[in-house]
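Asker: Pasting data-v9.tsv here (TSV, C-alpha atoms):
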chain	number	residue	atom	x	y	z
A	15	MET	CA	0.00	0.00	0.00
A	16	PRO	CA	1.57	3.31	-1.04
A	17	ASP	CA	2.00	6.07	1.54
A	18	PRO	CA	-0.74	8.70	1.76
A	19	MET	CA	-0.62	12.00	-0.09
A	20	LYS	CA	-0.59	15.43	1.50
A	21	ILE	CA	-3.35	17.60	0.04
A	22	ARG	CA	-3.92	21.25	0.80
A	23	ALA	CA	-6.67	23.27	-0.85
A	24	THR	CA	-7.51	26.88	-0.11
A	25	THR	CA	-9.99	29.25	-1.68
A	26	VAL	CA	-8.90	32.83	-2.32
A	27	GLY	CA	-11.49	35.03	-4.03
A	28	ASP	CA	-13.14	33.02	-6.78
A	29	GLU	CA	-10.23	30.62	-7.22
A	30	THR	CA	-9.15	27.53	-5.35
A	31	GLU	CA	-5.50	26.59	-5.12
A	32	VAL	CA	-4.75	22.91	-4.71
A	33	LYS	CA	-1.35	21.61	-3.62
A	34	VAL	CA	-0.61	17.91	-3.60
A	35	LEU	CA	2.49	16.09	-2.44
A	36	MET	CA	2.73	12.43	-3.44
A	37	SER	CA	5.02	9.71	-2.17
A	38	HIS	CA	6.43	7.76	-5.11
A	39	GLU	CA	9.83	6.50	-6.27
A	40	MET	CA	9.31	7.71	-9.88
A	41	GLU	CA	12.03	5.41	-11.20
A	42	THR	CA	13.02	6.48	-14.72
A	43	GLY	CA	14.12	3.13	-16.10
A	44	GLN	CA	17.47	4.74	-17.02
A	45	ARG	CA	19.33	3.98	-13.82
A	46	LYS	CA	21.36	0.92	-12.99
A	47	ASP	CA	21.81	-0.79	-9.65
A	48	GLY	CA	25.08	-1.86	-7.98
A	49	GLN	CA	25.24	-5.02	-10.13
A	50	GLY	CA	24.84	-3.05	-13.36
A	51	LYS	CA	21.31	-4.24	-13.94
A	52	THR	CA	18.75	-1.72	-15.17
A	53	ILE	CA	16.23	-0.69	-12.54
A	54	PRO	CA	12.84	-1.01	-14.24
A	55	ALA	CA	10.77	2.12	-14.81
A	56	TRP	CA	8.14	2.73	-12.16
A	57	PHE	CA	6.20	5.96	-12.28
A	58	ILE	CA	2.82	7.59	-11.84
A	59	GLN	CA	0.97	7.55	-15.16
A	60	ASN	CA	-2.39	9.11	-14.51
A	61	VAL	CA	-3.44	11.77	-12.04
A	62	SER	CA	-6.93	13.06	-11.60
A	63	VAL	CA	-8.36	15.59	-9.19
A	64	THR	CA	-12.06	16.03	-8.59
A	65	TRP	CA	-13.96	18.76	-6.82
A	66	ASN	CA	-17.30	17.43	-5.53
A	67	SER	CA	-17.07	14.63	-8.12
A	68	LYS	CA	-16.40	17.06	-11.00
A	69	THR	CA	-12.98	16.52	-12.62
A	70	VAL	CA	-10.83	19.67	-12.37
A	71	LEU	CA	-7.48	18.19	-13.37
A	72	SER	CA	-6.55	15.17	-15.40
A	73	ALA	CA	-2.93	14.56	-16.27
A	74	GLN	CA	-0.74	11.94	-17.90
A	75	TRP	CA	2.74	11.79	-16.47
A	76	GLY	CA	5.96	10.18	-17.59
A	77	THR	CA	9.38	9.46	-16.22
A	78	ALA	CA	10.54	13.10	-16.34
A	79	VAL	CA	8.63	13.95	-13.17
A	80	ALA	CA	10.74	14.00	-10.00
A	81	LYS	CA	10.61	11.54	-7.13
A	82	ASN	CA	7.96	12.42	-4.53
A	83	PRO	CA	6.10	14.70	-6.97
A	84	PHE	CA	4.55	18.00	-5.97
A	85	VAL	CA	1.75	19.43	-8.07
A	86	SER	CA	0.05	22.77	-7.60
A	87	PHE	CA	-2.80	24.27	-9.67
A	88	ARG	CA	-5.81	26.59	-9.45
A	89	PHE	CA	-9.35	26.26	-10.65
A	90	LYS	CA	-12.30	28.65	-10.74
A	91	GLY	CA	-14.86	27.97	-8.06
A	92	GLY	CA	-14.73	25.96	-4.88
A	93	ALA	CA	-15.90	26.88	-1.41
A	94	LYS	CA	-14.77	26.12	2.11
A	95	GLY	CA	-15.72	22.57	3.11
A	96	ASP	CA	-15.96	21.22	-0.46
A	97	LYS	CA	-14.39	17.86	-1.06
A	98	ILE	CA	-11.20	17.49	-3.14
A	99	THR	CA	-10.26	13.97	-4.19
A	100	VAL	CA	-6.92	13.10	-5.76
A	101	THR	CA	-6.17	9.77	-7.40
A	102	TRP	CA	-3.00	8.50	-9.03
A	103	VAL	CA	-2.34	5.26	-10.86
A	104	ASP	CA	1.19	4.10	-11.70
A	105	ASN	CA	2.52	1.82	-14.42
A	106	ARG	CA	2.33	-1.17	-12.04
A	107	ALA	CA	-1.40	-0.42	-11.75
A	108	GLU	CA	-0.88	0.54	-8.13
A	109	LYS	CA	-3.33	3.17	-7.05
A	110	ARG	CA	-3.83	5.67	-4.29
A	111	THR	CA	-6.78	7.93	-3.55
A	112	ASP	CA	-6.89	10.58	-0.85
A	113	GLU	CA	-9.41	13.24	0.11
A	114	SER	CA	-9.27	16.64	1.68
A	115	MET	CA	-11.62	19.54	2.46
A	116	ILE	CA	-11.08	22.99	1.04
A	117	ALA	CA	-9.93	25.27	3.85
B	26	MET	CA	0.11	23.50	-13.41
B	27	ILE	CA	3.49	23.68	-11.71
B	28	LEU	CA	5.58	20.56	-11.32
B	29	ARG	CA	8.72	19.97	-9.39
B	30	ALA	CA	10.64	18.23	-12.11
B	31	GLU	CA	14.31	18.65	-11.38
B	32	ARG	CA	16.40	15.57	-11.95
B	33	ARG	CA	17.75	13.37	-9.23
B	34	GLU	CA	21.38	13.68	-10.15
B	35	LEU	CA	22.15	17.33	-10.59
B	36	GLY	CA	25.18	17.84	-12.75
B	37	SER	CA	28.12	19.01	-10.73
B	38	CYS	CA	29.66	22.21	-11.94
B	39	ARG	CA	33.38	21.86	-12.10
B	40	ALA	CA	35.66	24.69	-13.02
B	41	ALA	CA	37.62	23.89	-16.11
B	42	SER	CA	41.31	24.03	-15.47
B	43	LEU	CA	43.24	26.36	-17.70
B	44	ILE	CA	46.68	25.79	-19.02
B	45	LEU	CA	48.36	29.12	-19.44
B	46	THR	CA	51.65	30.26	-20.78
B	47	GLN	CA	53.72	32.18	-18.27
B	48	SER	CA	53.32	35.55	-19.94
B	49	ALA	CA	49.58	35.30	-20.12
B	50	CYS	CA	49.35	34.04	-16.59
B	51	VAL	CA	49.25	37.30	-14.63
B	52	LEU	CA	46.71	38.92	-16.95
B	53	ALA	CA	44.57	35.80	-17.05
B	54	LEU	CA	44.68	35.45	-13.30
B	55	SER	CA	43.52	39.00	-12.63
B	56	PHE	CA	40.72	38.49	-15.13
B	57	CYS	CA	39.76	35.25	-13.43
B	58	VAL	CA	39.55	36.82	-9.97
B	59	THR	CA	36.88	39.28	-11.13
B	60	ALA	CA	35.04	36.98	-13.48
B	61	CYS	CA	35.03	34.04	-11.10
B	62	ALA	CA	33.81	36.21	-8.22
B	63	LEU	CA	30.94	37.46	-10.40
B	64	ALA	CA	30.09	33.99	-11.59
B	65	GLN	CA	30.11	32.76	-8.01
B	66	THR	CA	27.75	35.44	-6.68
B	67	SER	CA	25.22	34.98	-9.44
B	68	ALA	CA	25.39	31.20	-9.03
B	69	VAL	CA	24.74	31.60	-5.30
B	70	ASP	CA	21.77	33.86	-6.09
B	71	GLU	CA	20.42	31.31	-8.52
B	72	ILE	CA	20.74	28.53	-5.94
B	73	ALA	CA	18.90	30.73	-3.43
B	74	LYS	CA	16.09	31.20	-5.99
B	75	TYR	CA	16.02	27.46	-6.62
B	76	ARG	CA	15.73	26.77	-2.90
B	77	ALA	CA	12.91	29.29	-2.55
B	78	ALA	CA	11.05	27.63	-5.43
B	79	LEU	CA	11.36	24.26	-3.70
B	80	GLN	CA	10.19	25.56	-0.33
B	81	ASP	CA	6.57	24.96	-1.28
B	82	GLY	CA	5.68	21.32	-1.07
B	83	ASN	CA	8.70	20.00	0.81
B	84	PRO	CA	8.53	16.17	0.57
B	85	ALA	CA	9.90	16.09	4.15
B	86	GLU	CA	6.22	16.29	5.09
B	87	LEU	CA	5.79	12.74	3.80
B	88	TRP	CA	8.46	11.56	6.25
B	89	GLU	CA	6.89	13.59	9.06
B	90	ALA	CA	3.54	11.89	8.45
B	91	ARG	CA	5.09	8.43	8.33
B	92	GLY	CA	7.10	9.19	11.48
B	93	GLU	CA	4.02	10.32	13.39
B	94	ASP	CA	2.34	7.08	12.39
B	95	LEU	CA	5.34	5.04	13.59
B	96	TRP	CA	5.42	6.99	16.85
B	97	LYS	CA	1.77	6.17	17.61
B	98	GLN	CA	1.62	2.61	16.28
B	99	LYS	CA	1.85	-0.34	18.65
B	100	ARG	CA	5.00	-2.09	17.41
B	101	GLY	CA	7.77	-4.50	18.38
B	102	PRO	CA	7.63	-7.73	20.39
B	103	LYS	CA	5.87	-5.92	23.25
B	104	GLN	CA	3.31	-4.27	20.95
B	105	VAL	CA	3.53	-0.83	22.52
B	106	SER	CA	3.79	2.60	20.93
B	107	LEU	CA	6.66	5.04	21.43
B	108	GLU	CA	4.29	7.49	23.10
B	109	GLY	CA	5.82	6.60	26.45
B	110	CYS	CA	9.32	7.49	25.23
B	111	ASP	CA	11.11	10.16	27.28
B	112	LEU	CA	13.02	12.47	24.95
B	113	GLY	CA	14.21	14.61	27.83
B	114	LEU	CA	11.09	16.58	28.70
B	115	GLY	CA	9.21	13.64	30.23
B	116	PRO	CA	7.51	10.56	28.77
B	117	GLY	CA	5.57	11.29	25.61
B	118	ILE	CA	6.49	14.98	25.34
B	119	VAL	CA	7.73	15.56	21.82
B	120	LYS	CA	7.21	19.27	21.25
B	121	GLY	CA	10.41	21.20	21.86
B	122	ALA	CA	12.41	18.10	22.82
B	123	TYR	CA	14.78	18.44	19.89
B	124	THR	CA	15.89	21.95	20.89
B	125	ARG	CA	17.42	20.49	24.09
B	126	LEU	CA	19.19	17.50	22.57
B	127	PRO	CA	21.75	15.98	22.87
B	128	MET	CA	21.55	15.74	26.66
B	129	TYR	CA	22.44	13.47	29.56
B	130	PHE	CA	19.88	10.77	30.40
B	131	ALA	CA	20.21	9.30	33.89
B	132	ASP	CA	18.36	6.07	32.96
B	133	ALA	CA	20.96	5.27	30.31
B	134	ASP	CA	23.82	7.03	32.15
B	135	ARG	CA	24.88	8.48	28.83
B	136	VAL	CA	24.64	11.63	26.73
B	137	MET	CA	22.31	10.85	23.84
B	138	ASP	CA	21.22	12.56	20.65
B	139	LEU	CA	17.74	12.10	19.20
B	140	GLU	CA	18.60	9.08	17.04
B	141	THR	CA	20.34	7.26	19.91
B	142	ARG	CA	17.43	8.02	22.21
B	143	LEU	CA	14.91	6.69	19.69
B	144	VAL	CA	16.89	3.45	19.45
B	145	TRP	CA	16.99	3.32	23.26
B	146	CYS	CA	13.19	3.66	23.42
B	147	MET	CA	12.67	1.04	20.72
B	148	VAL	CA	14.82	-1.34	22.77
B	149	THR	CA	13.53	-0.57	26.28
B	150	LEU	CA	9.84	0.04	25.48
B	151	GLN	CA	9.12	-2.03	22.40
B	152	ALA	CA	11.69	-4.78	23.20
B	153	TYR	CA	13.39	-4.74	19.82
B	154	ASN	CA	16.98	-5.86	20.08
B	155	GLU	CA	19.53	-3.15	19.37
B	156	SER	CA	20.67	-4.48	16.01
B	157	GLN	CA	17.04	-4.67	14.80
B	158	ALA	CA	16.42	-1.09	15.89
B	159	LYS	CA	19.59	0.14	14.17
B	160	LYS	CA	19.20	-2.02	11.08
B	161	GLN	CA	18.32	0.76	8.65
B	162	PRO	CA	19.60	4.02	10.13
B	163	PHE	CA	19.46	5.80	6.76
B	164	GLY	CA	16.88	5.29	4.02
B	165	ASN	CA	17.72	4.16	0.52
B	166	GLY	CA	14.86	4.23	-2.00
B	167	GLU	CA	12.41	1.48	-1.21
B	168	ARG	CA	14.42	0.43	1.86
B	169	LYS	CA	12.90	3.07	4.09
B	170	SER	CA	14.40	4.06	7.41
B	171	ASP	CA	12.03	4.17	10.39
B	172	ILE	CA	14.60	6.20	12.32
B	173	GLU	CA	14.72	8.96	9.71
B	174	ALA	CA	10.91	9.12	9.61
B	175	LEU	CA	10.74	9.35	13.42
B	176	VAL	CA	13.45	12.03	13.35
B	177	ALA	CA	11.39	14.01	10.82
B	178	PHE	CA	8.31	13.81	13.02
B	179	VAL	CA	10.03	14.68	16.30
B	180	THR	CA	12.05	17.57	14.87
B	181	SER	CA	9.04	19.03	13.02
B	182	THR	CA	7.32	19.68	16.35
B	183	SER	CA	10.22	21.94	17.41
B	184	ARG	CA	9.98	24.21	14.38
B	185	GLY	CA	9.96	27.87	15.43
B	186	MET	CA	11.43	27.23	18.87
B	187	PRO	CA	14.86	28.50	19.99
B	188	MET	CA	17.75	26.05	20.41
B	189	ASN	CA	18.40	25.58	24.10
B	190	VAL	CA	21.09	22.98	24.80
B	191	ALA	CA	22.33	23.00	28.38
B	192	LEU	CA	25.80	21.97	29.46
B	193	LYS	CA	24.97	21.21	33.07
B	194	HIS	CA	25.92	17.61	33.69
B	195	PRO	CA	29.67	16.88	33.80
B	196	LYS	CA	29.18	14.21	31.10
B	197	GLU	CA	27.63	16.83	28.82
B	198	VAL	CA	30.62	19.11	29.34
B	199	GLU	CA	32.95	16.20	28.66
B	200	MET	CA	31.06	15.34	25.45
B	201	TYR	CA	31.12	18.93	24.28
B	202	GLN	CA	34.88	19.11	24.77
B	203	ALA	CA	35.31	15.81	22.93
B	204	GLY	CA	33.20	17.21	20.07
B	205	GLU	CA	35.36	20.31	19.88
B	206	LYS	CA	38.46	18.13	19.73
B	207	ILE	CA	37.11	15.88	16.98
B	208	PHE	CA	36.00	18.93	15.04
B	209	SER	CA	39.54	20.26	14.90
B	210	TYR	CA	41.30	16.90	14.58
B	211	ARG	CA	43.06	16.40	11.27
B	212	GLY	CA	43.82	12.93	9.98
B	213	GLY	CA	43.08	10.27	7.40
B	214	PRO	CA	44.71	9.79	3.99
B	215	HIS	CA	43.95	13.42	3.00
B	216	ASP	CA	45.02	14.95	6.33
B	217	PHE	CA	41.52	16.37	6.56
B	218	GLY	CA	39.44	17.55	9.47
B	219	CYS	CA	36.06	19.23	9.86
B	220	VAL	CA	38.06	22.45	10.20
B	221	THR	CA	39.56	22.08	6.71
B	222	CYS	CA	36.22	23.04	5.16
B	223	HIS	CA	34.24	24.55	8.01
B	224	ALA	CA	36.53	27.01	9.79
B	225	ASP	CA	36.80	29.81	7.21
B	226	GLU	CA	34.39	32.21	5.56
B	227	GLY	CA	33.47	31.91	1.91
B	228	LYS	CA	34.51	28.32	1.28
B	229	ARG	CA	32.56	26.03	-0.96
B	230	ILE	CA	32.45	22.56	-2.48
B	231	ARG	CA	31.63	22.97	-6.16
B	232	LEU	CA	28.80	25.52	-5.96
B	233	GLN	CA	27.67	24.74	-2.45
B	234	ASP	CA	28.59	27.33	0.15
B	235	LEU	CA	30.11	25.81	3.26
B	236	PRO	CA	29.18	27.34	6.59
B	237	ASN	CA	31.92	28.42	8.96
B	238	LEU	CA	30.91	26.30	11.91
B	239	THR	CA	33.38	27.92	14.30
B	240	THR	CA	31.27	31.10	14.34
B	241	ARG	CA	27.98	31.39	16.15
B	242	GLU	CA	26.05	32.47	13.03
B	243	GLY	CA	27.54	29.67	10.95
B	244	ALA	CA	26.70	26.96	13.48
B	245	GLN	CA	23.23	28.39	14.00
B	246	LYS	CA	22.40	28.53	10.30
B	247	ALA	CA	23.66	25.01	9.68
B	248	TYR	CA	22.30	23.23	12.73
B	249	THR	CA	18.79	24.69	12.55
B	250	THR	CA	18.31	23.51	8.93
B	251	TRP	CA	18.95	19.81	9.56
B	252	PRO	CA	17.29	17.33	9.14
B	253	ALA	CA	16.50	18.12	5.53
B	254	TYR	CA	15.05	16.58	2.40
B	255	ARG	CA	17.91	16.23	-0.08
B	256	VAL	CA	16.42	16.66	-3.55
B	257	SER	CA	19.46	15.08	-5.23
B	258	GLN	CA	18.95	11.91	-3.18
B	259	GLY	CA	15.18	11.95	-2.81
B	260	GLU	CA	15.62	11.20	0.87
B	261	LEU	CA	15.12	12.92	4.17
B	262	ARG	CA	18.47	13.07	5.94
B	263	SER	CA	19.04	13.21	9.69
B	264	PHE	CA	21.91	14.97	11.43
B	265	GLU	CA	23.60	11.61	12.09
B	266	TRP	CA	23.58	11.09	8.32
B	267	ARG	CA	25.12	14.54	7.77
B	268	LEU	CA	28.03	13.70	10.06
B	269	TYR	CA	28.36	10.17	8.66
B	270	ASP	CA	28.67	11.57	5.14
B	271	CYS	CA	31.13	14.29	6.22
B	272	PHE	CA	33.35	11.55	7.66
B	273	ARG	CA	33.07	9.57	4.42
B	274	GLN	CA	34.01	12.65	2.38
B	275	GLN	CA	37.04	13.15	4.59
B	276	ARG	CA	37.99	9.47	4.07
B	277	PHE	CA	37.87	8.97	7.82
B	278	PRO	CA	36.95	5.54	9.21
B	279	GLU	CA	33.19	5.01	9.12
B	280	LEU	CA	31.37	7.03	11.76
B	281	LEU	CA	29.26	4.46	13.59
B	282	PHE	CA	25.60	5.22	14.04
B	283	GLY	CA	24.91	6.34	17.60
B	284	SER	CA	28.59	6.32	18.54
B	285	ASP	CA	30.04	8.68	21.14
B	286	ALA	CA	32.03	10.47	18.41
B	287	SER	CA	28.86	11.22	16.51
B	288	ILE	CA	27.00	12.39	19.63
B	289	ALA	CA	29.97	14.52	20.72
B	290	LEU	CA	30.08	16.37	17.39
B	291	THR	CA	26.30	16.82	17.42
B	292	LEU	CA	26.42	18.24	20.94
B	293	TYR	CA	29.28	20.59	20.03
B	294	LEU	CA	27.34	22.02	17.05
B	295	ALA	CA	23.92	22.02	18.77
B	296	ARG	CA	25.29	23.93	21.74
B	297	ASN	CA	27.01	26.45	19.46
B	298	ALA	CA	23.66	27.00	17.74
B	299	ASN	CA	21.94	27.97	21.01
B	300	GLY	CA	19.49	30.85	20.71
B	301	ALA	CA	18.77	30.32	17.02
B	302	ILE	CA	15.23	29.48	15.90
B	303	PHE	CA	14.97	25.86	14.81
B	304	ASP	CA	13.61	25.67	11.25
B	305	ALA	CA	13.62	22.09	10.00
B	306	PRO	CA	12.96	19.64	8.41
B	307	ALA	CA	14.24	21.85	5.62
B	308	ILE	CA	14.84	21.22	1.93
B	309	LYS	CA	18.28	21.25	0.34
B	310	ARG	CA	19.43	20.82	-3.23
Would you write out, as structure tokens, the structure that this file holds?
Answerer:
Amino acid sequence: MPDPMKIRATTVGDETEVKVLMSHEMETGQRKDGQGKTIPAWFIQNVSVTWNSKTVLSAQWGTAVAKNPFVSFRFKGGAKGDKITVTWVDNRAEKRTDESMIA
Amino acid sequence: MILRAERRELGSCRAASLILTQSACVLALSFCVTACALAQTSAVDEIAKYRAALQDGNPAELWEARGEDLWKQKRGPKQVSLEGCDLGLGPGIVKGAYTRLPMYFADADRVMDLETRLVWCMVTLQAYNESQAKKQPFGNGERKSDIEALVAFVTSTSRGMPMNVALKHPKEVEMYQAGEKIFSYRGGPHDFGCVTCHADEGKRIRLQDLPNLTTREGAQKAYTTWPAYRVSQGELRSFEWRLYDCFRQQRFPELLFGSDASIALTLYLARNANGAIFDAPAIKR
């Protein structure tokens, strides 16, 4: 089971800023271990963020994203107490979903 | 959408060595002094900007969360949590404990730093044996270190509090003096010591500025920003790791985890940082 994400969402004016910190190795598939064997690629492929079940961000990621990724974005709308749900799926089909309230 | 997408292995910037004829040497040198100084300042500015950009969304928070979980979980052969662990302010009190460490603990009859104390609690409370508790002192990718996570959690609760390390007990004084001695001791195949890099202003390794740890400001700035998430390693690093790696860089014999030498150096630097506001877990390149 992957470690939980850290999600912070705050509304300022008519916009909501969402900040998400994910725990993931994001292995590129380019590195080699001590024995010279290639370490297989392992990375988050799909990210989606919903606001009260409406999708506000949908992204496809590759190996160029850093380990323990941080993503920050804004969308129009959102009010205090609304639910923000973030889901990621990696190339091993491992999945993690976490929720947070807009503060 | 903003993504933190810097690569794991940042290219090291090495100055190209120039081969000069004797006549051109003086002119070239005077040119280099100005140009290199300029290049250095702007590089330092750029690194400062880079650090500021990383400040938001420090992955150290992931370690803090995991550490808090480990602290509260019932673990080990005895199935108890670490919540009864005395970090110096009484059993279970975490907030502010790090600002007073390392310190003398009567129950162990020894001066201990945070890492050593955590191992002590894992052994005495949870009944792990010592080698189990110390098995993974530093994390490495998927082989995560419980100690580093616990360190992240405990230190995070001291953020914003002033460093306040006492030297009351004779063993603390003795440790401090030992730390001072080790700090200035030169040896190993390179005849290196901590002082070689950390006792002058304006020194650096590649583009990283090195703090002068013999001054109050230098020790304060350095000590209050560890532990830290090292972007280039993708790991949260404890102060024991910092010292361990300094020893490795000096080609000294391996600094053993939780050894008196390591605690002595930590106490020396922590005490010299007294009064400064603790501001970690931080993020470093």
Asker: If you count all atoms listed in the file, which residues fall within 12 Å of Ile21 (chain A), apart from same-chain ones fewer than 4 positions away, as an MDAnalysis selection string?
Answerer: (chainID A and resid 31:37 63 84:87 97:101 111:117) or (chainID B and resid 82 84 86:87)
Asker: Can you pull out every residue within 7 Å of Asn105 (chain A), counting all atoms listed in the file, but drop anything in the same chain fewer than 5 positions away, and send it as a PyMOL selection string?
Answerer: chain A and resi 56-59
Asker: The selected residues should be written to file as a compact mmCIF listing (two decimals), in the frame of the given file (atoms: C-alpha atoms).
Answerer:
# COMPACT_ATOMS: atom_id res chain seq x y z
CA TRP A 56 8.14 2.73 -12.16
CA PHE A 57 6.20 5.96 -12.28
CA ILE A 58 2.82 7.59 -11.84
CA GLN A 59 0.97 7.55 -15.16
Asker: Which one is closest to Ala305 (chain B): B:Ser183, B:Ser257, B:Thr291, B:Gln157? Count all atoms listed in the file.
Answerer: B:Ser183
Asker: List as a PyMOL selection string the protein and nucleic acid residues near Leu107 (chain B), meaning an atom at most 8 Å away when only C-alpha atoms are counted, but skip any in the same chain fewer than 5 places from it.
Answerer: chain B and resi 95-99+117+146-147+150-151
Asker: Could you tell me which of B:Ala203, B:Val190, B:Leu290, B:Val256 comes closest to chain A if we count all atoms listed in the file?
Answerer: B:Val256
Asker: Using all atoms listed in the file, which residue out of A:Pro16, A:Pro83, A:Gly76, A:Gly91 lies closest to chain B?
Answerer: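 Using all atoms listed in the file, the shortest distance to chain B belongs to A:Pro83.
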Asker: For CA of Thr182 (chain B) and CA of Lys120 (chain B), determine how far apart the two atoms are, in Å to one decimal place.
Answerer: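 These atoms are spaced 4.9 Å apart.
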Asker: Check the smallest atom-to-atom distance from each of A:Pro18, A:Lys81, A:Asp28, A:Gln74 to Glu167 (chain B) using all atoms listed in the file, then report the winner.
Answerer: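 Closest residue, counting all atoms listed in the file: A:Lys81.
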Asker: When you look at Met15 (chain A) with a cut-off of 10 Å (counting only C-alpha atoms), what residues show up, excluding the ones that are within fewer than 5 positions of it in the same chain? I need them as a PyMOL selection string.
Answerer: chain A and resi 108-110
Asker: Could you work out how far CA of Met128 (chain B) lies from CA of Glu108 (chain B), giving the answer in Å with one decimal?
Answerer: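 The value is 19.5 Å.
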Asker: Please provide the set of residues having any atom within 6 Å of region 292-299 of chain B, restricted to all atoms listed in the file, with same-chain residues fewer than 2 positions apart removed, written as a list in words.
Answerer: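 Close residues of region 292-299 of chain B: Pro127, Met188, Asn189, Val190, Tyr201, Gly204, Ala244, Gln245, Ala289, Leu290 and Ala301 of chain B.
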Asker: Between CA of Lys51 (chain A) and CA of Gln161 (chain B), what is the distance in Å, rounded to a tenth?
Answerer: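 A separation of 23.3 Å between them.
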Asker: From the set B:Ala307, B:Cys271, B:Leu261, B:Ala131, which residue has the shortest atom-to-atom contact distance to chain A, counting only C-alpha atoms?
Answerer: B:Leu261
Asker: Can you find the residues with an atom no farther than 7 Å from (38.6, 21.2, 14.3), counting only C-alpha atoms, and report them as a list in words?
Answerer: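 Counting only C-alpha atoms, I find these residues within 7 Å of (38.6, 21.2, 14.3): Glu205, Lys206, Ile207, Phe208, Ser209, Tyr210, Gly218, Cys219 and Val220 of chain B.
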Asker: Using all atoms listed in the file for the distances, tell me which of A:Gly95, A:Glu39, A:Trp75, A:Glu29 is nearest to chain B.
Answerer: A:Glu39
